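Structure file start_13.txt (compact mmCIF, C-alpha atoms and all ligand atoms) is printed below.
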```txt
# COMPACT_ATOMS: atom_id res chain seq x y z
CA MET A 165 0.00 0.00 0.00
CA ARG A 166 1.28 3.47 -0.73
CA HIS A 167 0.40 6.84 0.68
CA ILE A 168 -0.52 9.24 -2.10
CA TYR A 169 -1.86 12.39 -0.52
CA SER A 170 -2.31 14.20 2.78
CA GLY A 171 -5.26 16.52 3.15
CA LYS A 172 -5.77 18.79 6.13
CA VAL A 173 -7.66 16.16 8.07
CA ARG A 174 -7.60 13.13 5.76
CA GLU A 175 -5.13 10.80 4.08
CA LEU A 176 -5.33 9.00 0.78
CA TYR A 177 -3.70 5.61 0.15
CA GLU A 178 -3.63 3.25 -2.79
CA THR A 179 -3.60 -0.50 -2.25
CA ASP A 180 -1.66 -2.92 -4.44
CA ASP A 181 -4.96 -3.78 -6.20
CA GLY A 182 -5.44 -0.17 -7.24
CA VAL A 183 -8.17 0.51 -4.67
CA LEU A 184 -8.08 3.92 -3.00
CA LEU A 185 -8.43 4.20 0.77
CA LEU A 186 -9.78 7.47 2.05
CA VAL A 187 -8.78 7.70 5.67
CA ALA A 188 -10.46 10.21 7.96
CA THR A 189 -8.17 11.15 10.84
CA ASP A 190 -9.21 12.71 14.16
CA ARG A 191 -7.57 15.98 13.16
CA ILE A 192 -9.71 19.11 13.24
CA SER A 193 -9.22 22.46 11.56
CA ALA A 194 -10.36 25.88 12.70
CA PHE A 195 -9.61 29.32 11.32
CA ASP A 196 -7.63 27.64 8.52
CA TYR A 197 -5.27 25.90 10.93
CA VAL A 198 -5.05 22.20 11.60
CA LEU A 199 -5.06 22.11 15.38
CA GLU A 200 -2.53 20.20 17.39
CA SER A 201 -5.33 18.64 19.47
CA GLU A 202 -7.35 15.81 17.96
CA ILE A 203 -11.02 14.97 18.56
CA PRO A 204 -11.26 11.30 19.56
CA ASP A 205 -13.36 9.26 17.06
CA LYS A 206 -14.02 12.24 14.78
CA GLY A 207 -12.68 10.34 11.75
CA LYS A 208 -14.76 7.26 12.55
CA ILE A 209 -17.90 9.29 13.13
CA LEU A 210 -17.55 11.21 9.87
CA THR A 211 -16.75 8.03 7.96
CA ALA A 212 -19.88 6.35 9.34
CA LEU A 213 -21.97 9.42 8.53
CA SER A 214 -20.62 9.62 4.99
CA LEU A 215 -21.30 5.91 4.41
CA TRP A 216 -24.85 6.38 5.68
CA TRP A 217 -25.38 9.25 3.24
CA PHE A 218 -23.98 7.29 0.29
CA GLY A 219 -26.68 4.75 1.06
CA GLN A 220 -29.40 7.40 1.28
CA LEU A 221 -28.29 8.89 -2.03
CA ALA A 222 -27.70 5.66 -3.94
CA ASP A 223 -30.90 6.02 -5.97
CA LEU A 224 -29.88 9.55 -7.05
CA VAL A 225 -26.27 9.05 -8.04
CA PRO A 226 -23.83 6.12 -8.25
CA ASN A 227 -20.82 6.43 -5.94
CA HIS A 228 -17.19 5.43 -5.76
CA LEU A 229 -17.45 2.87 -2.96
CA VAL A 230 -16.11 -0.62 -3.57
CA ASP A 231 -16.18 -3.69 -1.38
CA ALA A 232 -12.55 -4.19 -0.41
CA ALA A 233 -10.67 -5.16 2.72
CA ILE A 234 -9.61 -2.30 4.97
CA PRO A 235 -6.39 -2.69 6.95
CA ALA A 236 -7.01 -3.13 10.68
CA ARG A 237 -5.25 0.10 11.60
CA PHE A 238 -7.79 2.08 9.55
CA ALA A 239 -10.82 0.08 10.70
CA GLY A 240 -13.92 2.27 10.87
CA ARG A 241 -12.16 5.35 9.55
CA ALA A 242 -11.54 4.41 5.94
CA THR A 243 -13.64 3.92 2.86
CA ALA A 244 -12.44 1.78 -0.06
CA CYS A 245 -13.03 3.54 -3.36
CA ARG A 246 -12.59 2.98 -7.06
CA PRO A 247 -10.17 5.36 -8.69
CA LEU A 248 -12.00 7.96 -10.73
CA ALA A 249 -10.92 10.70 -13.09
CA MET A 250 -11.92 13.54 -10.82
CA VAL A 251 -13.75 16.50 -12.23
CA GLY A 252 -11.61 19.59 -11.72
CA ILE A 253 -14.52 21.57 -10.31
CA GLU A 254 -15.67 21.73 -6.71
CA CYS A 255 -19.41 21.26 -6.78
CA VAL A 256 -21.17 23.32 -4.14
CA ALA A 257 -24.87 23.82 -3.53
CA ARG A 258 -26.10 26.55 -1.23
CA GLY A 259 -29.51 26.92 0.32
CA TYR A 260 -28.43 29.66 2.74
CA LEU A 261 -26.01 32.55 2.55
CA ALA A 262 -22.68 32.18 4.38
CA GLY A 263 -18.94 32.11 3.82
CA SER A 264 -17.65 32.97 0.35
CA GLY A 265 -21.23 33.12 -0.97
CA LEU A 266 -22.07 35.85 1.50
CA ALA A 267 -18.85 37.73 0.69
CA GLU A 268 -19.58 37.63 -3.03
CA TYR A 269 -23.21 38.65 -2.52
CA ARG A 270 -22.15 41.67 -0.46
CA GLU A 271 -19.78 42.79 -3.20
CA THR A 272 -21.89 42.12 -6.28
CA GLY A 273 -25.41 41.07 -5.34
CA GLU A 274 -24.72 37.80 -7.11
CA VAL A 275 -23.20 34.44 -6.25
CA CYS A 276 -21.47 32.55 -9.07
CA GLY A 277 -23.61 34.35 -11.64
CA HIS A 278 -26.89 33.85 -9.77
CA ALA A 279 -28.60 37.19 -9.24
CA LEU A 280 -30.13 37.20 -5.76
CA PRO A 281 -32.78 39.42 -4.18
CA ALA A 282 -31.58 42.53 -2.34
CA GLY A 283 -31.55 42.67 1.44
CA LEU A 284 -30.26 39.18 2.25
CA ALA A 285 -28.26 38.87 5.46
CA ASP A 286 -25.64 36.51 6.90
CA GLY A 287 -27.45 33.19 7.23
CA SER A 288 -30.47 34.11 5.10
CA ARG A 289 -32.31 31.32 3.36
CA LEU A 290 -32.11 31.62 -0.43
CA PRO A 291 -35.33 31.60 -2.47
CA ASP A 292 -34.09 28.35 -4.06
CA PRO A 293 -30.89 26.34 -3.64
CA ILE A 294 -28.20 27.38 -6.12
CA PHE A 295 -25.23 25.62 -7.71
CA THR A 296 -22.07 27.59 -6.89
CA PRO A 297 -19.07 25.89 -8.50
CA ALA A 298 -15.47 26.66 -7.56
CA THR A 299 -12.07 25.80 -8.92
CA LYS A 300 -9.83 23.68 -6.72
CA ALA A 301 -7.23 25.87 -5.10
CA PRO A 302 -3.62 24.83 -4.71
CA ARG A 303 -2.64 23.56 -1.24
CA GLY A 304 -3.20 26.05 1.53
CA GLU A 305 -5.33 28.36 -0.58
CA HIS A 306 -9.09 28.78 -0.74
CA ASP A 307 -11.17 27.47 -3.61
CA GLN A 308 -12.15 30.21 -6.02
CA ASN A 309 -15.84 30.64 -6.81
CA ILE A 310 -16.60 30.67 -10.53
CA THR A 311 -19.78 31.37 -12.42
CA VAL A 312 -21.94 28.59 -13.76
CA ALA A 313 -21.00 29.86 -17.25
CA GLU A 314 -17.28 29.51 -16.42
CA ALA A 315 -17.90 25.98 -15.14
CA ALA A 316 -19.54 25.18 -18.48
CA GLU A 317 -16.48 26.51 -20.32
CA LEU A 318 -14.12 24.47 -18.16
CA ALA A 319 -15.99 21.17 -18.07
CA GLY A 320 -18.13 21.44 -21.19
CA ALA A 321 -21.78 22.45 -21.15
CA ASP A 322 -23.15 18.90 -20.91
CA VAL A 323 -20.88 17.83 -18.06
CA ALA A 324 -21.46 21.11 -16.20
CA ALA A 325 -25.23 20.65 -16.48
CA GLU A 326 -24.87 17.15 -15.00
CA LEU A 327 -22.69 18.46 -12.17
CA GLU A 328 -25.31 21.09 -11.38
CA ARG A 329 -28.18 18.62 -11.51
CA ILE A 330 -26.46 16.06 -9.27
CA THR A 331 -25.17 18.67 -6.81
CA LEU A 332 -28.61 20.21 -6.37
CA GLU A 333 -30.27 16.82 -6.00
CA VAL A 334 -27.77 15.75 -3.35
CA TYR A 335 -28.27 19.05 -1.54
CA ARG A 336 -32.07 18.86 -1.66
CA ARG A 337 -32.16 15.29 -0.41
CA GLY A 338 -29.60 16.03 2.31
CA ALA A 339 -31.24 19.26 3.45
CA GLU A 340 -34.69 17.70 3.52
CA LEU A 341 -33.57 14.71 5.56
CA ALA A 342 -31.50 16.78 7.99
CA ALA A 343 -34.34 19.32 8.42
CA ARG A 344 -36.55 16.55 9.77
CA ARG A 345 -33.90 16.09 12.49
CA GLY A 346 -33.61 19.75 13.37
CA ILE A 347 -30.48 20.45 11.36
CA ILE A 348 -30.08 23.04 8.62
CA VAL A 349 -27.68 22.09 5.84
CA ALA A 350 -26.70 25.59 4.77
CA ASP A 351 -24.49 24.36 1.94
CA THR A 352 -22.58 21.31 0.85
CA LYS A 353 -19.58 20.54 -1.32
CA ILE A 354 -19.40 17.30 -3.26
CA GLU A 355 -16.74 15.81 -5.50
CA LEU A 356 -17.55 13.88 -8.64
CA GLY A 357 -15.43 11.82 -10.98
CA PHE A 358 -15.76 9.63 -14.06
CA ASP A 359 -15.30 5.88 -13.86
CA ASP A 360 -13.68 3.91 -16.70
CA ARG A 361 -17.07 3.64 -18.45
CA GLY A 362 -17.58 7.39 -18.44
CA THR A 363 -20.19 7.38 -15.67
CA LEU A 364 -20.15 10.26 -13.20
CA ARG A 365 -19.89 8.99 -9.65
CA LEU A 366 -20.14 10.69 -6.29
CA ALA A 367 -16.75 10.54 -4.57
CA ASP A 368 -14.94 11.66 -1.45
CA GLU A 369 -17.03 12.22 1.68
CA VAL A 370 -20.58 13.43 1.47
CA LEU A 371 -22.76 15.61 3.71
CA THR A 372 -20.40 15.57 6.67
CA PRO A 373 -19.79 18.63 8.83
CA ASP A 374 -16.35 18.88 7.18
CA SER A 375 -17.89 19.22 3.71
CA SER A 376 -21.04 21.12 4.65
CA ARG A 377 -22.28 23.82 6.97
CA PHE A 378 -24.60 22.23 9.53
CA TRP A 379 -26.54 24.63 11.73
CA PRO A 380 -28.83 23.75 14.64
CA ALA A 381 -32.25 24.82 13.29
CA ASP A 382 -33.45 26.05 16.69
CA GLN A 383 -30.61 28.58 16.84
CA TRP A 384 -30.95 29.88 13.28
CA GLN A 385 -31.18 33.65 13.27
CA PRO A 386 -30.28 35.42 10.03
CA GLY A 387 -28.34 38.65 10.47
CA ARG A 388 -25.40 37.16 12.33
CA ALA A 389 -22.90 34.37 11.86
CA GLN A 390 -24.68 31.09 12.64
CA PRO A 391 -23.22 28.75 15.26
CA ALA A 392 -21.80 25.62 13.65
CA LEU A 393 -23.23 22.31 14.81
CA ASP A 394 -19.77 20.76 15.04
CA LYS A 395 -16.96 23.10 15.98
CA GLN A 396 -18.51 26.14 17.58
CA TYR A 397 -16.99 25.29 20.99
CA VAL A 398 -13.56 25.16 19.37
CA ARG A 399 -13.99 28.50 17.63
CA ASP A 400 -15.50 30.17 20.70
CA TRP A 401 -12.68 28.96 22.94
CA LEU A 402 -9.96 29.93 20.46
CA ILE A 403 -11.24 33.50 20.19
CA SER A 404 -11.93 33.78 23.93
CA PRO A 405 -9.39 35.48 26.22
CA GLU A 406 -8.80 32.13 27.97
CA SER A 407 -7.00 30.75 24.94
CA GLY A 408 -4.55 33.64 24.90
CA TRP A 409 -4.42 33.28 21.13
CA ASP A 410 -4.38 36.15 18.66
CA ARG A 411 -6.21 35.07 15.53
CA ARG A 412 -4.62 37.91 13.56
CA GLY A 413 -1.11 37.12 14.75
CA SER A 414 1.33 34.64 13.23
CA GLU A 415 1.26 32.04 16.01
CA PRO A 416 -0.63 28.77 15.46
CA PRO A 417 -3.56 28.12 17.83
CA PRO A 418 -2.77 26.57 21.24
CA PRO A 419 -3.87 23.03 22.21
CA LEU A 420 -7.50 22.73 23.27
CA PRO A 421 -8.52 22.15 26.89
CA GLN A 422 -9.85 18.65 27.59
CA ALA A 423 -13.36 20.02 28.23
CA VAL A 424 -13.47 21.62 24.77
CA ILE A 425 -12.24 18.40 23.18
CA GLU A 426 -14.94 16.40 24.97
CA ARG A 427 -17.78 18.80 24.19
CA THR A 428 -16.70 18.90 20.56
CA ARG A 429 -16.62 15.12 20.37
CA ASP A 430 -20.16 15.19 21.75
CA THR A 431 -21.26 17.53 18.95
CA TYR A 432 -20.00 15.07 16.31
CA VAL A 433 -21.75 12.20 18.07
CA ARG A 434 -24.96 14.27 18.30
CA ALA A 435 -24.78 15.18 14.62
CA TYR A 436 -24.32 11.52 13.68
CA GLU A 437 -27.13 10.36 15.93
CA SER A 438 -29.65 13.00 14.97
CA ILE A 439 -29.05 12.66 11.24
CA THR A 440 -28.93 8.87 11.01
CA GLY A 441 -31.34 8.13 13.85
CA GLN A 442 -28.77 5.54 14.98
CA ARG A 443 -26.83 5.44 18.23
CA TRP A 444 -23.11 6.04 18.10
CA VAL A 445 -21.47 3.09 19.87
C1 LIG A 501 -9.49 11.80 -4.77
N1 LIG A 501 -9.25 13.35 -3.22
C2 LIG A 501 -9.43 14.20 -2.06
C3 LIG A 501 -9.65 12.63 -0.17
C4 LIG A 501 -7.19 13.18 0.80
C5 LIG A 501 -7.64 13.81 -0.36
N2 LIG A 501 -12.40 8.00 -6.04
C6 LIG A 501 -11.36 8.85 -6.24
N3 LIG A 501 -10.58 8.65 -7.32
C7 LIG A 501 -9.55 9.46 -7.53
N4 LIG A 501 -9.21 10.43 -6.72
C8 LIG A 501 -9.93 10.70 -5.62
C9 LIG A 501 -11.04 9.90 -5.34
C10 LIG A 501 -11.88 10.12 -4.22
N5 LIG A 501 -12.52 10.34 -3.34
C11 LIG A 501 -10.05 12.36 -3.66
N6 LIG A 501 -8.22 13.47 -4.00
C12 LIG A 501 -8.34 12.54 -4.97
C13 LIG A 501 -8.89 13.54 -0.84
C14 LIG A 501 -9.18 12.01 0.96
C15 LIG A 501 -7.94 12.29 1.46
F1 LIG A 501 -5.97 13.39 1.28
```
Produce C-alpha cells that represent the structure in this file.
Ligand code: PZK
Amino acid sequence: MRHIYSGKVRELYETDDGVLLLVATDRISAFDYVLESEIPDKGKILTALSLWWFGQLADLVPNHLVDAAIPARFAGRATACRPLAMVGIECVARGYLAGSGLAEYRETGEVCGHALPAGLADGSRLPDPIFTPATKAPRGEHDQNITVAEAAELAGADVAAELERITLEVYRRGAELAARRGIIVADTKIELGFDDRGTLRLADEVLTPDSSRFWPADQWQPGRAQPALDKQYVRDWLISPESGWDRRGSEPPPPLPQAVIERTRDTYVRAYESITGQRWV
C-alpha cells in the first residue's frame, strides 16, 4: 500500500490492487489551521456518517465505494473507493447565505452568476438552492468561486449541467432529511469523478460537517454568523481570552482544553445520531 496524498484532516492511500483508501483522521481544523489537538473518534464518526449518506443517495447518483478489505489500523475510519478521473470543479450547492457566498453577494449582489434578491443577510435562506461551482485551489489556498458559465467553459456544457443537476439533487435530499432532524444544511460541497465507463460517480465524503455547513435549526437567526453544529466550541474557545491566542497574529492556535475536546466530540456524536437516527457506539 502506498500513501498518495495528505489533506488537512484526511489521508489518501492506494492498495496494491489499485483501490483507494480514504482515511479520515481525528484531526480538526479551525480558522484555517489544523489544530494540534485531535477529537477522539471524529474520523470514525464522519466516515460512518458519509457511508450512511452514500446509502441514502444511492438512488440519485452512483458512488465510488467498492467492497474491499480495509487494513485493521484504519478500521472504521476508511472507505475503499474505485479510482476515478476527478472533475476539476468543486461542486457546491447553497440553500443559505454564508462564507464565500455571502462575501460575493455583499460585493456584487450575485453568487457565481446567480442574481439574488436585495436585502439578504448573513445566514439568510435563499429563495431556491443554487449551484455555486469553484475551482480547486492549490494547497493552503481557498477554492475560487466561478460562475456557472465559467464551469460550463471548463468542463463542457453537458458535463457542467450534469454536475449542477447532481449537486442540487444531493443538496435537496440532504437538506430535507436533515431538516426533519432539526439540522439546517446551509451548503454542501461534493466531489464527482468519471469511472472507466464514463459514468459520473459521487466521490470523497458526502454531507459531513467537514464538507457542509450544519446549523442547529433552533438557533438559526439570520443577520449574524450562525453557530456551527460541530466546531462552535472550538472557535469560541480559540477567540476567547482564555485561549490567549491572537487570531490575527502569526502564532498557530494553542492546544484545546480537555473540556473543549470532549464537548466537541459530543457535537460530532450528536450530529451523527440525529441525522442517522442511529446510536453512536
Ligand atoms: C481523490 N481526493 C481528495 C480525499 C485526501 C484527499 N475515487 C477517487 N478517485 C480518484 N481520486 C480521488 C477519489 C476520491 N474520493 C479524492 N483526491 C483525490 C482527498 C481524501 C484524502 F488526502
Open item on the list: Using all atoms listed in the file, can you tell me which of A:Leu199, A:Leu176, A:Ile354, A:Ala392 comes closest to Trp379 in chain A?
Closed with: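 The shortest atom-to-atom distance to Trp379 in chain A comes from A:Ala392.
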- [ ] Can you work out which one of A:Thr296, A:Thr311, A:Thr272, A:Ser375 has the shortest atom-to-atom distance to ligand LIG 501 (chain A), counting all atoms listed in the file?
- [x]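 Of the candidates, the smallest distance to ligand LIG 501 (chain A) is held by A:Ser375.
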TODO: Name the residues in contact with Thr179 in chain A at a cut-off of 7 Å, using only C-alpha atoms, excluding same-chain residues fewer than 4 positions from it; report them as an NGL selection string.
DONE: :A and (165-166 or 183-184)
Let me see the file: selected residues, C-alpha atoms, as a PDB file, in the coordinates of the input.
```pdb
ATOM      1  CA  MET A 165       0.000   0.000   0.000  1.00  0.00           C
ATOM      2  CA  ARG A 166       1.280   3.470  -0.730  1.00  0.00           C
ATOM      3  CA  VAL A 183      -8.170   0.510  -4.670  1.00  0.00           C
ATOM      4  CA  LEU A 184      -8.080   3.920  -3.000  1.00  0.00           C
TER       5      LEU A 184
END
```
Can I get the residues close to ligand LIG 501 (chain A) as a PDB file with C-alpha atoms, in the coordinates of the input, where close means within 6 Å and we count all atoms listed in the file?
```pdb
ATOM      1  CA  TYR A 169      -1.860  12.390  -0.520  1.00  0.00           C
ATOM      2  CA  SER A 170      -2.310  14.200   2.780  1.00  0.00           C
ATOM      3  CA  GLY A 171      -5.260  16.520   3.150  1.00  0.00           C
ATOM      4  CA  ARG A 174      -7.600  13.130   5.760  1.00  0.00           C
ATOM      5  CA  GLU A 175      -5.130  10.800   4.080  1.00  0.00           C
ATOM      6  CA  LEU A 176      -5.330   9.000   0.780  1.00  0.00           C
ATOM      7  CA  LEU A 186      -9.780   7.470   2.050  1.00  0.00           C
ATOM      8  CA  HIS A 228     -17.190   5.430  -5.760  1.00  0.00           C
ATOM      9  CA  CYS A 245     -13.030   3.540  -3.360  1.00  0.00           C
ATOM     10  CA  ARG A 246     -12.590   2.980  -7.060  1.00  0.00           C
ATOM     11  CA  PRO A 247     -10.170   5.360  -8.690  1.00  0.00           C
ATOM     12  CA  LEU A 248     -12.000   7.960 -10.730  1.00  0.00           C
ATOM     13  CA  ALA A 249     -10.920  10.700 -13.090  1.00  0.00           C
ATOM     14  CA  MET A 250     -11.920  13.540 -10.820  1.00  0.00           C
ATOM     15  CA  ALA A 367     -16.750  10.540  -4.570  1.00  0.00           C
ATOM     16  CA  ASP A 368     -14.940  11.660  -1.450  1.00  0.00           C
TER      17      ASP A 368
END
```
Open item on the list: Taking 3 positions as the minimum chain separation for residues in the same chain, which residues sit within 12 Å of Trp444 in chain A when counting all atoms listed in the file? Answer as JSON, numbers by chain.
Closed with: {"A": [205, 206, 208, 209, 210, 212, 213, 429, 430, 431, 432, 433, 434, 435, 436, 437, 438, 439, 440, 441]}
TODO: Kindly give the distance, in Å, that separates CA of Glu355 in chain A and CA of Val370 in chain A, rounded to a single decimal.
DONE: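 Separation of CA of Glu355 in chain A and CA of Val370 in chain A: 8.3 Å.
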Exercise: Arg270 in chain A partners within 10 Å, all atoms listed in the file, chain neighbours under 6 positions left out, as a PDB file with C-alpha atoms, in the frame of the given file:
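Output (out.pdb):
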```
ATOM      1  CA  SER A 264     -17.650  32.970   0.350  1.00  0.00           C
ATOM      2  CA  ALA A 282     -31.580  42.530  -2.340  1.00  0.00           C
ATOM      3  CA  GLY A 283     -31.550  42.670   1.440  1.00  0.00           C
ATOM      4  CA  LEU A 284     -30.260  39.180   2.250  1.00  0.00           C
ATOM      5  CA  ALA A 285     -28.260  38.870   5.460  1.00  0.00           C
ATOM      6  CA  ASP A 286     -25.640  36.510   6.900  1.00  0.00           C
TER       7      ASP A 286
END
```
Open item on the list: Taking only C-alpha atoms into account, name the residue in A:Glu202, A:Ser214, A:Thr243, A:Ala389 that is nearest to Glu178 in chain A.
Closed with: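 Among the listed residues, A:Thr243 lies closest to Glu178 in chain A.
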TODO: For CA of Leu261 in chain A and CA of Gly346 in chain A, determine how far apart the two atoms are, in Å to one decimal place.
DONE: 18.4 Å
- [ ] Could you tell me how far CA of Gly387 in chain A lies from CA of Pro281 in chain A, in Å and to one decimal?
- [x]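 These atoms are spaced 15.3 Å apart.
Remark: for Gly287 in chain A, the closest of the candidate residues A:Ala342, A:Cys255, A:Ala239, A:Leu266 is A:Leu266 (distances computed over all atoms listed in the file).
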Open item on the list: Here's a test: counting only C-alpha atoms, identify every protein, DNA and RNA residue with an atom at most 12 Å from (-30.4, 20.8, -8.5) in the file's coordinate frame, and state them as a PyMOL selection string.
Closed with: chain A and resi 224+255-259+292-296+324-338
Task: Residue among A:Lys353, A:His278, A:His167, A:Arg443 lying closest to Asp307 in chain A, counting all atoms listed in the file - done: A:Lys353
Open item on the list: Let me make sure I understand: among A:Leu356, A:Ala262, A:Leu371, A:Val323, which one has the smallest atom-to-atom distance to Pro391 in chain A if we use only C-alpha atoms?
Closed with: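 Smallest distance to Pro391 in chain A is found for A:Ala262.
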Open item on the list: Report as JSON, numbers by chain all protein, DNA and RNA residues lying within 12 Å of Trp401 in chain A, evaluated on all atoms listed in the file, omitting residues in the same chain fewer than 5 positions from it.
Closed with: {"A": [194, 395, 396, 406, 407, 408, 409, 410, 411, 417, 418, 419, 420, 421, 422, 423, 424, 425, 427, 428]}
How big is the axis-aligned box around all listed atoms of range 281-287 of chain A once 3 Å goes on each side, and where's its centre, in Å to one decimal, as JSON?
```
{"center_x": -29.2, "center_y": 37.9, "center_z": 1.5, "size_x": 13.1, "size_y": 15.5, "size_z": 17.4}
```
